[in-house]
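Q: TSV, C-alpha atoms, file coords28.tsv:
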```
chain	number	residue	atom	x	y	z
A	34	MET	CA	114.04	108.57	83.78
A	35	ILE	CA	113.19	105.92	86.36
A	36	LYS	CA	111.04	107.18	89.23
A	37	ILE	CA	111.38	105.16	92.41
A	38	ALA	CA	109.37	105.42	95.62
A	39	LEU	CA	111.09	104.63	98.91
A	40	THR	CA	108.47	103.87	101.54
A	41	GLY	CA	107.95	102.00	104.79
A	42	GLY	CA	106.41	102.51	108.19
A	43	ILE	CA	107.71	104.75	110.94
A	44	GLY	CA	111.15	103.73	112.16
A	45	THR	CA	111.97	101.40	109.27
A	46	GLY	CA	115.03	103.36	108.12
A	47	LYS	CA	113.77	105.24	105.06
A	48	THR	CA	115.87	108.33	105.76
A	49	TYR	CA	118.94	106.21	106.49
A	50	LEU	CA	118.53	104.40	103.17
A	51	SER	CA	117.91	107.64	101.30
A	52	ARG	CA	121.30	108.93	102.46
A	53	HIS	CA	122.91	105.85	100.91
A	54	PHE	CA	121.08	106.46	97.63
A	55	ILE	CA	122.28	110.08	97.61
A	56	GLN	CA	125.86	108.86	98.16
A	57	MET	CA	125.38	106.61	95.12
A	58	GLY	CA	124.38	109.63	93.04
A	59	ILE	CA	120.61	109.09	93.06
A	60	PRO	CA	118.81	112.29	94.12
A	61	VAL	CA	116.12	111.94	96.80
A	62	PHE	CA	113.00	114.08	97.11
A	63	TYR	CA	111.62	114.17	100.66
A	64	ALA	CA	107.83	114.31	100.35
A	65	ASP	CA	107.25	115.25	104.01
A	66	ASP	CA	109.54	118.27	103.72
A	67	GLU	CA	107.78	119.40	100.55
A	68	ALA	CA	104.35	118.92	102.13
A	69	LYS	CA	105.36	121.16	105.05
A	70	LYS	CA	106.41	123.89	102.61
A	71	LEU	CA	102.90	123.95	101.18
A	72	TYR	CA	101.56	125.63	104.31
A	73	SER	CA	103.41	128.80	103.31
A	74	ASP	CA	102.48	128.56	99.61
A	75	PRO	CA	99.75	131.15	98.81
A	76	ASP	CA	98.28	128.99	96.01
A	77	PHE	CA	97.93	125.99	98.29
A	78	LEU	CA	96.49	128.09	101.12
A	79	ASP	CA	93.86	129.42	98.69
A	80	VAL	CA	92.88	125.84	97.86
A	81	MET	CA	92.72	125.02	101.59
A	82	ARG	CA	90.55	128.07	102.30
A	83	ALA	CA	88.14	126.98	99.56
A	84	GLU	CA	87.99	123.41	100.93
A	85	PHE	CA	87.85	124.32	104.62
A	86	PRO	CA	86.31	127.81	104.84
A	87	ASP	CA	84.59	127.29	108.20
A	88	ALA	CA	86.78	124.62	109.82
A	89	GLY	CA	88.23	126.94	112.47
A	90	LEU	CA	91.65	126.68	110.81
A	91	TRP	CA	92.01	130.40	110.17
A	92	THR	CA	92.99	133.17	112.56
A	93	PRO	CA	91.00	136.43	112.49
A	94	ASN	CA	93.62	137.93	110.15
A	95	GLY	CA	93.31	134.99	107.72
A	96	GLU	CA	96.47	133.11	108.67
A	97	LEU	CA	96.52	129.34	109.07
A	98	ASP	CA	96.23	128.31	112.74
A	99	PHE	CA	98.78	125.48	113.00
A	100	ALA	CA	97.62	124.34	116.44
A	101	GLU	CA	94.08	123.94	115.10
A	102	LEU	CA	95.39	122.21	111.96
A	103	LYS	CA	97.29	119.69	114.09
A	104	GLN	CA	94.20	119.04	116.21
A	105	SER	CA	91.98	118.65	113.13
A	106	CYS	CA	94.44	116.17	111.58
A	107	SER	CA	93.75	113.76	114.44
A	108	GLU	CA	90.33	113.17	112.83
A	109	LYS	CA	90.63	110.74	109.94
A	110	PRO	CA	87.90	112.28	107.72
A	111	PHE	CA	89.61	115.67	107.93
A	112	LEU	CA	93.05	114.16	107.35
A	113	ASP	CA	91.78	112.30	104.28
A	114	ARG	CA	90.30	115.51	102.82
A	115	LEU	CA	93.49	117.44	103.52
A	116	SER	CA	95.62	114.65	102.04
A	117	ALA	CA	93.54	114.74	98.87
A	118	LEU	CA	94.66	118.36	98.51
A	119	VAL	CA	98.29	117.87	99.54
A	120	HIS	CA	99.26	114.86	97.42
A	121	PRO	CA	98.59	116.37	93.97
A	122	PHE	CA	100.64	119.45	94.92
A	123	VAL	CA	103.52	117.29	96.21
A	124	MET	CA	103.45	115.03	93.14
A	125	ARG	CA	103.60	118.10	90.86
A	126	GLN	CA	106.60	119.37	92.83
A	127	PHE	CA	108.25	115.94	92.58
A	128	ASN	CA	107.74	115.83	88.82
A	129	LYS	CA	109.13	119.36	88.34
A	130	TRP	CA	112.07	118.54	90.61
A	131	SER	CA	112.72	115.25	88.77
A	132	GLU	CA	112.96	116.99	85.40
A	133	LYS	CA	115.70	119.28	86.73
A	134	GLN	CA	117.92	116.49	88.10
A	135	GLY	CA	119.61	115.41	84.86
A	136	VAL	CA	119.98	111.79	86.00
A	137	THR	CA	118.55	108.43	84.96
A	138	ALA	CA	116.84	107.69	88.30
A	139	VAL	CA	115.29	109.68	91.13
A	140	ILE	CA	113.69	108.66	94.41
A	141	MET	CA	110.80	110.06	96.41
A	142	GLU	CA	110.89	109.19	100.11
A	143	SER	CA	107.35	108.98	101.49
A	144	ALA	CA	105.76	106.81	104.17
A	145	ILE	CA	102.33	106.85	102.54
A	146	ILE	CA	102.78	105.70	98.95
A	147	PHE	CA	100.35	102.78	99.21
A	148	GLU	CA	97.96	104.40	101.70
A	149	TYR	CA	97.00	107.13	99.24
A	150	GLY	CA	97.25	105.17	96.00
A	151	LEU	CA	100.37	106.93	94.74
A	152	GLU	CA	102.15	103.80	93.51
A	153	ASP	CA	101.11	104.31	89.88
A	154	ASN	CA	103.29	107.44	89.77
A	155	PHE	CA	106.44	105.31	90.08
A	156	ASP	CA	108.30	102.75	88.02
A	157	LYS	CA	109.56	100.84	91.06
A	158	ILE	CA	108.79	100.79	94.77
A	159	ILE	CA	111.30	100.00	97.48
A	160	VAL	CA	110.08	99.29	101.01
A	161	ALA	CA	112.37	99.79	103.99
A	162	ASP	CA	111.72	97.17	106.65
A	163	ALA	CA	112.99	96.43	110.15
A	164	PRO	CA	111.90	94.27	113.07
A	165	GLU	CA	109.24	95.91	115.22
A	166	SER	CA	111.42	95.95	118.35
A	167	LEU	CA	114.15	97.82	116.47
A	168	ARG	CA	111.62	100.25	115.04
A	169	VAL	CA	110.34	101.00	118.54
A	170	ARG	CA	113.90	101.64	119.78
A	171	ARG	CA	114.61	103.97	116.84
A	172	ILE	CA	111.43	105.97	117.38
A	173	LYS	CA	112.04	106.15	121.14
A	174	SER	CA	115.58	107.48	120.56
A	175	ARG	CA	114.18	110.29	118.34
A	176	ASN	CA	111.15	110.94	120.53
A	177	PRO	CA	112.05	110.10	124.15
A	178	GLU	CA	108.79	111.67	125.37
A	179	LEU	CA	106.78	108.86	123.74
A	180	SER	CA	106.00	105.71	125.69
A	181	GLU	CA	106.28	102.31	124.04
A	182	SER	CA	102.49	102.02	124.02
A	183	GLN	CA	102.19	105.40	122.24
A	184	ILE	CA	104.74	104.29	119.67
A	185	LEU	CA	102.94	100.99	119.09
A	186	ALA	CA	99.65	102.88	118.76
A	187	ARG	CA	101.17	105.09	116.03
A	188	MET	CA	102.55	102.06	114.26
A	189	SER	CA	99.16	100.33	114.40
A	190	GLN	CA	97.56	103.29	112.60
A	191	GLN	CA	99.79	102.70	109.58
A	192	MET	CA	99.38	100.08	106.90
A	193	PRO	CA	100.94	96.84	108.16
A	194	GLN	CA	104.57	96.44	107.14
A	195	SER	CA	103.84	92.96	105.84
A	196	GLU	CA	101.35	94.39	103.35
A	197	LYS	CA	103.79	97.08	102.20
A	198	CYS	CA	106.50	94.46	101.76
A	199	SER	CA	104.21	92.19	99.76
A	200	ARG	CA	103.43	95.04	97.36
A	201	ALA	CA	107.04	96.17	96.87
A	202	ASP	CA	109.38	95.56	93.97
A	203	MET	CA	112.23	95.41	96.48
A	204	VAL	CA	112.40	95.19	100.27
A	205	ILE	CA	115.52	96.35	102.10
A	206	CYS	CA	115.80	95.21	105.68
A	207	THR	CA	117.55	97.86	107.77
A	208	GLY	CA	117.97	95.63	110.80
A	209	GLU	CA	121.27	94.53	112.28
A	210	THR	CA	122.36	93.15	108.89
A	211	TYR	CA	121.04	94.56	105.67
A	212	LYS	CA	119.24	92.39	103.17
A	213	ALA	CA	117.51	93.22	99.93
A	214	LYS	CA	114.78	91.10	98.39
A	215	ILE	CA	113.65	91.75	94.85
A	216	SER	CA	110.07	90.82	94.13
A	217	ASP	CA	109.70	87.82	91.83
A	218	GLU	CA	106.49	89.27	90.47
A	219	SER	CA	106.94	92.84	89.41
A	220	SER	CA	103.57	94.35	88.56
A	221	ARG	CA	105.12	97.54	87.21
```
Translate the structure of the given file into structure tokens.
A:
Amino acid sequence: MIKIALTGGIGTGKTYLSRHFIQMGIPVFYADDEAKKLYSDPDFLDVMRAEFPDAGLWTPNGELDFAELKQSCSEKPFLDRLSALVHPFVMRQFNKWSEKQGVTAVIMESAIIFEYGLEDNFDKIIVADAPESLRVRRIKSRNPELSESQILARMSQQMPQSEKCSRADMVICTGETYKAKISDESSR
């Protein structure tokens, strides 16, 4: 089975492309959705409690305080520690899910494949790309409460699109006209 990662920065069209892959018969695993499910998984919560026993994340009755979690995630050291817990769980779920699909190729959609060194888990990596101005318009349409400067600030916190594209096996531009570029040098 071929395992493909579909990645790209915010507003590049990953979800749009994933719908096309599903229509072509290639199942797509949404890493963000699976990561959110972890916060109701007792096994994962036990791991979190062990890693963050005194971080103020827990209510008096032992439940996860989501407002405090969101606040803590704004601090990069905390986010990196949490991500180190989340990614192995999500990758295990992806692998279990993949085995059940009964197809020759599967895709994981995730914005942070390169940022957390997950690329070695995949046979090929596709990067969704779009011009910055289009990305800003897309994000603004989904999140009208965000200003352009807030959107650009979020984008600047991500790995540059140019770096993601240079590391991809294929880049699909989701701009006004769609283009695909296959890397001449495939390192996988």
Q: Would you mind listing what lies within 9 Å of range 126-137 of chain A as an MDAnalysis selection string, with all atoms listed in the file counted and same-chain residues fewer than 3 positions away left out?
A: chainID A and resid 34:36 58:60 62:64 67 121:123 140:141
Q: Choose the residue, out of A:Phe147, A:Thr207, A:Leu102, A:Pro86, that has the smallest atom-to-atom separation from Arg171 in chain A; count all atoms listed in the file.
A: A:Thr207
Q: Can you measure CA of Val204 in chain A to CA of Asp162 in chain A for me? One decimal in Å is fine.
A: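 Computing the Euclidean distance for CA of Val204 in chain A and CA of Asp162 in chain A yields 6.7 Å.
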Q: Ranking A:Met81, A:Ile184, A:Leu71, A:Cys198 by minimum distance to Arg114 in chain A and counting all atoms listed in the file, which one comes first?
A: A:Met81
Q: Between A:Leu78, A:Cys106, A:Ile205, A:Ile43, which one has atoms that come closest to Leu185 in chain A, using only C-alpha atoms?
A: A:Ile43
Q: Find, counting only C-alpha atoms, the residue in A:Pro177, A:Gly95, A:Pro193, A:Pro75 that gets nearest to Ala144 in chain A.
A: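 That would be A:Pro193, the residue with the smallest distance to Ala144 in chain A.
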Q: Choose the residue, out of A:Asp74, A:Asp98, A:Asn154, A:Val160, that has the smallest atom-to-atom separation from Val119 in chain A; count all atoms listed in the file.
A: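 Of all the options, A:Asp74 lies closest to Val119 in chain A.
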Q: Given the choices A:His53, A:Arg175, A:Lys197, A:Lys103, which gets closest to Ala161 in chain A if the distance is worked out from only C-alpha atoms?
A: A:Lys197
Q: Identify, on the basis of all atoms listed in the file, every residue whose closest approach to Pro164 in chain A does not exceed 10 Å; exclude the query and any residue fewer than 6 positions from it along the same chain; express the result as a count of residues only.
A: 7
